[in-house]
Amino acid sequence: MLNEYDKLFIQKWKTQSFEGWKEIDIREDFLAPLLRHLGYAKNTVNDILREENRKLKAAYHRIGRSEVAIDYIPTLRLKKFWLIEAKSGAFKQMQLGDYLQAHFYAIHPEIQARYIVLSNGWEIKVYDALNCDSWDNPLLSCSQQTCDTTFEKLREFLSAKTMLSEIRRQILSTVEGSLKIEVDEDILKSLNCDFQSILSKARPIIRGNALNLQRKAWREAAEKEQQEIQTVDFNTLLIWMDVQTQTAPVYGREIVRRFMAALEPERKKMADKLAMTYRGRPHTIFRVHCVDTFARLFLEGIELQKSTYVHSTLGCLNELVTGNMEYYSHNDISNALVHLDNTSIRIAKKLVMRLLMKPLEKLVAGQKATLSKEDLLIHSPSVAKHMIPAMALNSERLWRKYCSASSAEEIWKGIWEMEALETILDKMPVPKYPDGDSDLLWFEHYGHGFDMLRVGTWGVLNRHAPTLQTKTLTPEISKVLLMKRDAVIKGIPGAKRPGKPIHGLSDGDLQKMADVFTNYIAKNSP
């Protein structure tokens, strides 16, 4: 069945005149868009080799040329199965000579393409280089006049998503034809044994191919992320450090790299910017990333120049570790903001788990039904992959509703209002992720038995413990290094309680609060 993209391609094709078009025009302005439509593109697993020049061995020189030049060789998972040749649009019908030239190219020992595609814009013809016995007997033919009824079959055969299946179908058809004239049933038994042997040998190879494809995609994604991190300006890097769900320790390494490459004035500027930001109103994750940053700077022996904001590298590290472990109890607003951070991410997860699970299940089911096997392996769509950014988005909306308050009392009021919403959410059943999926996050426990600030700070220090323990540290840092994880969690400070229990409100009042928050999130979500 023709899809909407097919219909758009056909509509444009049927209105195009190819009179006066040279081969290069057909190649660049008709065949190139066709190949993109079929799922082929440069530097992908379905790469396109353009204008391939191949030297002919001595035995082939008798035809009067020493090399062949091929317009396009589309590849399937980087293997060559077919070639495509552009012909001039001067004539609406191609000639026998066009086929003979392309056939010679296809059987070239370095090409060995099974299928040949010829096009002059007016028509597209597909030939089987091994089995075609006549110019007038193409495997498939599609033209401007017939494309409404023939393009679907052409697309199914040549598409990067389906061509391997079509090739196997052709091979099985050939085997079937040979068996129809067989008289010895023992041939069937022998063929079945051969076929089972092929399947047995192919299974681990196929699994290895799938794993290699995934690893290649992961490696390329990691390289792309690292390149982006290394090229963004410093202010953008700090913004990325302040995303609650971005817990990977990639920013500390990058900032250390920049410090090591910078001259002293630039180092001072970056250090002051870091200190001003972590003393401001960031998410707790930012302060944890800063622990990693200053720990790496300290271990690299990078001593920061003393300024209004920075006393020393170890001084900044000590300030962060102490403040993080104590929830900034020396500053009422900072302390309230830490609890606001815990509350906003905790409630955001509870919200999206209850309200978005089913819609996201349908979305992922649709993706799995429509994506090719390669795209499924590369992108691995899952509910959790969609859920995590939804948590981050909704947490940020809740955080920003109160984080700019001018007093700690206003922030605490916002926390208590969100906790009123939480009482509604906690009465709702919690759906489970489908198919064993998981986000591996503990956001629903933040502030209630788990957190990022203390546990994250302790975790960062313990990652660096083998080298940190060889250095002269402050008593505060040494104390945290000696702590056990259970003690870190047990010491998470509890949130301040309202003078008048807000949970004592009526169910009607609580529901009104819940409606206010859900409406707020809906209006502020993209």
# chains A, B, ... in the order shown; residues from 1 in each chain; ligands from 1

$ residues_around --residues "A:Leu363" --least-positions-apart "5" --cutoff "12 Å" --atoms "only C-alpha atoms" --output "JSON, numbers by chain"
{"A": [356, 357, 358, 368, 369, 370, 381, 382, 383, 384, 385, 386, 387]}

$ write_last_selection --atoms "N, CA and C atoms" --output "compact mmCIF listing (two decimals), in the first residue's frame"
# COMPACT_ATOMS: atom_id res chain seq x y z
N LEU A 356 1.24 9.40 32.53
CA LEU A 356 1.83 9.25 31.20
C LEU A 356 2.16 7.81 30.81
N MET A 357 2.12 6.88 31.75
CA MET A 357 2.53 5.52 31.45
C MET A 357 1.75 4.92 30.28
N LYS A 358 0.44 4.99 30.32
CA LYS A 358 -0.38 4.37 29.28
C LYS A 358 -0.20 5.05 27.92
N LYS A 368 7.71 0.62 17.75
CA LYS A 368 8.20 -0.74 17.52
C LYS A 368 7.53 -1.39 16.31
N ALA A 369 6.31 -0.97 16.02
CA ALA A 369 5.59 -1.55 14.88
C ALA A 369 6.03 -0.94 13.55
N THR A 370 6.56 0.26 13.58
CA THR A 370 6.88 0.96 12.33
C THR A 370 8.38 1.07 12.04
N PRO A 381 13.69 1.91 21.41
CA PRO A 381 12.63 2.70 22.03
C PRO A 381 12.04 1.99 23.25
N SER A 382 11.82 2.75 24.29
CA SER A 382 11.23 2.20 25.51
C SER A 382 10.44 3.28 26.22
N VAL A 383 9.54 2.85 27.07
CA VAL A 383 8.74 3.79 27.85
C VAL A 383 9.64 4.62 28.76
N ALA A 384 10.63 3.98 29.37
CA ALA A 384 11.51 4.69 30.30
C ALA A 384 12.28 5.80 29.60
N LYS A 385 12.70 5.57 28.35
CA LYS A 385 13.45 6.60 27.63
C LYS A 385 12.61 7.86 27.43
N HIS A 386 11.32 7.71 27.28
CA HIS A 386 10.43 8.86 27.16
C HIS A 386 10.06 9.42 28.54
N MET A 387 9.98 8.52 29.51
CA MET A 387 9.53 8.92 30.84
C MET A 387 10.54 9.84 31.52

$ closest_atom_pairs --of "stretch 220-278 of chain A" --to "stretch 315-318 of chain A" --cutoff "12 Å" --atoms "only C-alpha atoms" --output "CSV"
residue,atom,partner,partner_atom,distance
A:Ala271,CA,A:Cys316,CA,9.6
A:Asp272,CA,A:Cys316,CA,10.6
A:Leu274,CA,A:Cys316,CA,9.8
A:Ala275,CA,A:Cys316,CA,7.6
A:Met276,CA,A:Cys316,CA,11.1
A:Tyr278,CA,A:Cys316,CA,10.1

$ residues_around --residues "A:Ile411" --least-positions-apart "4" --cutoff "8 Å" --atoms "only C-alpha atoms" --output "count of residues only"
9

$ select_by_dssp --residues "stretch 249-300 of chain A" --states "helix (DSSP H, G or I)" --output "ChimeraX atom specification"
/A:251-261,264-278,284-299

$ atom_distance --atom1 "atom CA of A:Gln214" --atom2 "atom CA of A:Leu441"
23.3 Å

$ closest_residue --among "A:Leu130, A:Leu38, A:Ile492, A:Val352" --to "A:Tyr446" --atoms "only C-alpha atoms"
A:Ile492

$ closest_atom_pairs --of "stretch 71-139 of chain A" --to "stretch 149-172 of chain A" --cutoff "10 Å" --atoms "only C-alpha atoms" --output "CSV"
residue,atom,partner,partner_atom,distance
A:Pro74,CA,A:Ala160,CA,9.0
A:Thr75,CA,A:Ala160,CA,8.4
A:Leu76,CA,A:Ala160,CA,6.4
A:Arg77,CA,A:Ala160,CA,8.9
A:Phe81,CA,A:Leu164,CA,9.0
A:Trp82,CA,A:Leu158,CA,8.9
A:Arg114,CA,A:Ile167,CA,9.2
A:Tyr115,CA,A:Ile167,CA,9.5
A:Val117,CA,A:Leu158,CA,9.4
A:Ile124,CA,A:Leu154,CA,8.9
A:Lys125,CA,A:Leu154,CA,9.1
A:Val126,CA,A:Leu154,CA,8.4
A:Asp128,CA,A:Gln170,CA,9.9
A:Leu139,CA,A:Leu154,CA,9.8

$ closest_residue --among "A:Thr313, A:Ser478, A:Ser119, A:Asn192" --to "A:Phe298" --atoms "only C-alpha atoms"
A:Thr313

$ atom_distance --atom1 "atom CA of A:Asp148" --atom2 "atom CA of A:Asn3"
11.7 Å

$ closest_residue --among "A:Glu361, A:Tyr99, A:Thr245, A:Met428" --to "A:Leu440" --atoms "only C-alpha atoms"
A:Thr245
